[in-house]
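Engineer: Would you mind keeping the following structure in view while I ask a few things?
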2 protein chains.
Amino acid sequence: MQRMQITGLNLFYKQGYYNTSVDDILKSLSLSKGAFYYHFQSKEDFFISIIQNLLFKKIYSSLIEPIEGQRGPLTQIENCIENALETAEHNNEDYGFALSNFITEFNGRNPEIMQYLNDILKVWEVNLITSLQKGKTEGFVNRHTDSEAVATYVISSFIGIRTLMVEGNPKLLKYKHMQQLRHYFKMVSQKENV
Amino acid sequence: MQRMQITGLNLFYKQGYYNTSVDDILKSLSLSKGAFYYHFQSKEDFFISIIQNLLFKKIYSSLIEPIEGQRGPLTQIENCIENALETAEHNNEDYGFALSNFITEFNGRNPEIMQYLNDILKVWEVNLITSLQKGKTEGFVNRHTDSEAVATYVISSFIGIRTLMVEGNPKLLKYKHMQQLRHYFKMVSQKENV
DNA sequence: TCTTTTACCGACTACTCGGTTTGTTCTTTT
DNA sequence: AAAAGAACAAACCGAGTAGTCGGTAAAAGA
């Protein structure tokens with residue numbers, strides 16, 4: 001079952017959900033239809049199990065957990081994103097931002113799956129906001145900062161850069177992104193004015 | 001032919017390329033297969049014609065042309081992005097960032113189409129860089145700014161926010177994005193330090 | 001030992017999709 | 001009026017696709 005899910009995620013990530021047939025997955029596993037439908041009710045059910053068992057945990061452990069409860073949220077966020085982009089650069093099977101790929105693929109097509117995907121994003125967002133707010137009381141973040149807006153901006157720029165990275169020069173893109181993120185964070189942490 | 005392309009782009013945008021059949025398009029036009037294959041060699045050929053005839057022109061006129069040759073690039077870019085997000089908010093058929101959807105959909109699956117899509121991004125990027133450089137000599141942009149990195153950051157955050165906007169609250173997301181973009185641009189234009 | 005459960009096989013069905021072929025209806029040209 | 005071609009319609013092809021179903025081998029309980 002785990003093997004199926006891992007292989008499934010890899011193929012869905014590389015080829016897209018609708019563009020990957022159940023047979024494709026089974027072929028690369030040397031398994032049969034029977035094996036698949038013994039464990040999962042449908043292709044959709046299979047995908048949802050992947051989201052919850054693999055995708056969420058991966059994102060949680062790489063982007064959410066490391067920030068939680070730490071001091072100096074901006075530095076923590078910076079590191080997390082740098083690490084995520086680092087693995088994305090070197091490892092094709094990082095499940096990197098499979099999430100953003102899937103979101104665009106299922107947008108307006110499969111509300112149920114979209115719900116699961118959005119939930120993951122929401123957890124990340126809430127975590128970012130909480131950390132930023134905490135950062136204010138600790139003096140790391142400017143008091144006038146709109147934490148929600150910063151969280152959204154961080155997430156959207158990350159999704160965007162990951163989209164660009166698949167086809168462009170990952171190393172260069174990562175460098176540019178981190179450089180500008182730090183510039184931006186300077187503004188967020190600045191003591192004087194808004 | 002034009003009707004086919006417009007309808008095609010709308011459906012491809014809403015449902016995705018692989019998830020939209022030629023029959024779907026023809027059904028909503030009350031046309032038959034014969035009509036389609038009289039004008040286009042294949043579904044792929046059809047899509048490429050849409051990219052060049054509709055997508056590129058739309059993006060060029062909304063995001064590229066308004067910046068070209070104007071003074072004060074940061075303000076111009078701000079306005080362009082705000083307008084783009086504005087139409088994205090109110091008009092479902094804005095072709096808004098169809099581009100980023102298509103890029104994620106074709107990534108690693110269809111190199112030829114990816115080429116066409118990347119070309120559009122490249123034109124936008126080059127235009128942004130040129131404007132930023134010009135902005136330096138005119139004193140609108142800090143001399144030490146890495147124009148290429150700023151361009152990448154602007155593009156990636158825009159792609160990301162457009163991805164989020166399809167499912168989230170567009171008005172709120174737009175507001176947050178513009179707010180933070182302005183903060184970021186403050187840093188880019190700042191005279192003192194890097 | 002006998003029975004049930006677990007995990008799997010692979011042929012089969014109903015259906016979809018891109019693309020082809022052939023036929024029809026106009027309009028234009030000669 | 002006749003021929004030619006443009007612009008479509010309709011039926012069809014073959015390669016896939018998700019999902020079903022009867023069967024089976026091996027292990028676990030009883």
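For the structure tokens, the naming scheme is as follows: chains receive sequential letters (A, B, ...) according to their order of presentation, residues are indexed from 1 within each chain, and ligands are indexed from 1 in presentation order.
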Can you tell me, as a count of residues only, what residues are no more than 12 Å from DA3 in chain D when counting only C-alpha atoms (C1' of nucleotides), ignoring any on the same chain fewer than 6 positions away?
Structural biologist: 3
Engineer: Among the residues of range 31-136 of chain B, find those DSSP assigns to helix (DSSP H, G or I) from the backbone and print them as a PyMOL selection string.
Structural biologist: chain B and resi 33-39+43-64+73-90+98-106+111-136
Engineer: Just need the residues of chain C within 9 Å of chain B, counting only C-alpha atoms (C1' of nucleotides), so spit them out as a PyMOL selection string.
Structural biologist: chain C and resi 17-19
Engineer: Would you output that residue set with N, CA and C atoms (P, O5', C5', C4', C3', O3' and C1' of nucleotides), as a compact mmCIF listing (two decimals), in the first residue's frame?
Structural biologist:
# COMPACT_ATOMS: atom_id res chain seq x y z
P DC C 17 -14.21 12.60 -22.97
O5' DC C 17 -12.92 12.57 -23.89
C5' DC C 17 -11.74 11.88 -23.45
C4' DC C 17 -10.79 11.75 -24.62
C3' DC C 17 -10.94 12.88 -25.63
O3' DC C 17 -9.69 13.50 -25.87
C1' DC C 17 -11.11 10.76 -26.71
P DG C 18 -9.68 14.87 -26.77
O5' DG C 18 -8.76 14.41 -27.98
C5' DG C 18 -7.47 13.91 -27.74
C4' DG C 18 -6.97 13.22 -28.98
C3' DG C 18 -6.89 14.12 -30.22
O3' DG C 18 -5.66 13.85 -30.89
C1' DG C 18 -8.32 12.26 -30.66
P DG C 19 -5.25 14.76 -32.15
O5' DG C 19 -5.85 13.94 -33.39
C5' DG C 19 -5.45 12.58 -33.56
C4' DG C 19 -6.30 11.94 -34.62
C3' DG C 19 -6.47 12.72 -35.93
O3' DG C 19 -5.84 11.96 -36.98
C1' DG C 19 -8.51 11.74 -35.22
Engineer: If we count only C-alpha atoms (C1' of nucleotides) and set the cut-off at 8 Å, which residues sit around range 81-87 of chain B, ignoring sequence neighbours fewer than 2 positions away in its own chain? Please answer as a count of residues only.
Structural biologist: 14
Engineer: What are the residues of chain D that have an atom within 12 Å of an atom of chain B, counting only C-alpha atoms (C1' of nucleotides), as number ranges by chain?
Structural biologist: D: 6-12
Engineer: With only C-alpha atoms counted and 6 Å as the cut-off, give the residues of chain B in contact with chain A, each with its shortest interatomic distance in Å and the pair that gives it, as JSON lines.
Structural biologist:
{"residue": "B:Asn101", "atom": "CA", "partner": "A:Thr104", "partner_atom": "CA", "distance": 5.9}
{"residue": "B:Thr104", "atom": "CA", "partner": "A:Asn101", "partner_atom": "CA", "distance": 5.8}
{"residue": "B:Ala149", "atom": "CA", "partner": "A:Lys176", "partner_atom": "CA", "distance": 4.7}
{"residue": "B:Ser156", "atom": "CA", "partner": "A:Gly160", "partner_atom": "CA", "distance": 4.0}
{"residue": "B:Ser157", "atom": "CA", "partner": "A:Ser157", "partner_atom": "CA", "distance": 3.7}
{"residue": "B:Ile159", "atom": "CA", "partner": "A:Gly160", "partner_atom": "CA", "distance": 4.9}
{"residue": "B:Gly160", "atom": "CA", "partner": "A:Ser156", "partner_atom": "CA", "distance": 4.0}
{"residue": "B:Ile161", "atom": "CA", "partner": "A:Ser156", "partner_atom": "CA", "distance": 4.9}
{"residue": "B:Lys176", "atom": "CA", "partner": "A:Ala149", "partner_atom": "CA", "distance": 4.7}
{"residue": "B:Tyr184", "atom": "CA", "partner": "A:Tyr184", "partner_atom": "CA", "distance": 5.2}
Engineer: Excluding Ser189 in chain B and its own-chain neighbours fewer than 6 positions away, which residues fall within 8 Å of it when counting only C-alpha atoms (C1' of nucleotides)? Please give them as an MDAnalysis selection string.
Structural biologist: chainID B and resid 140:142
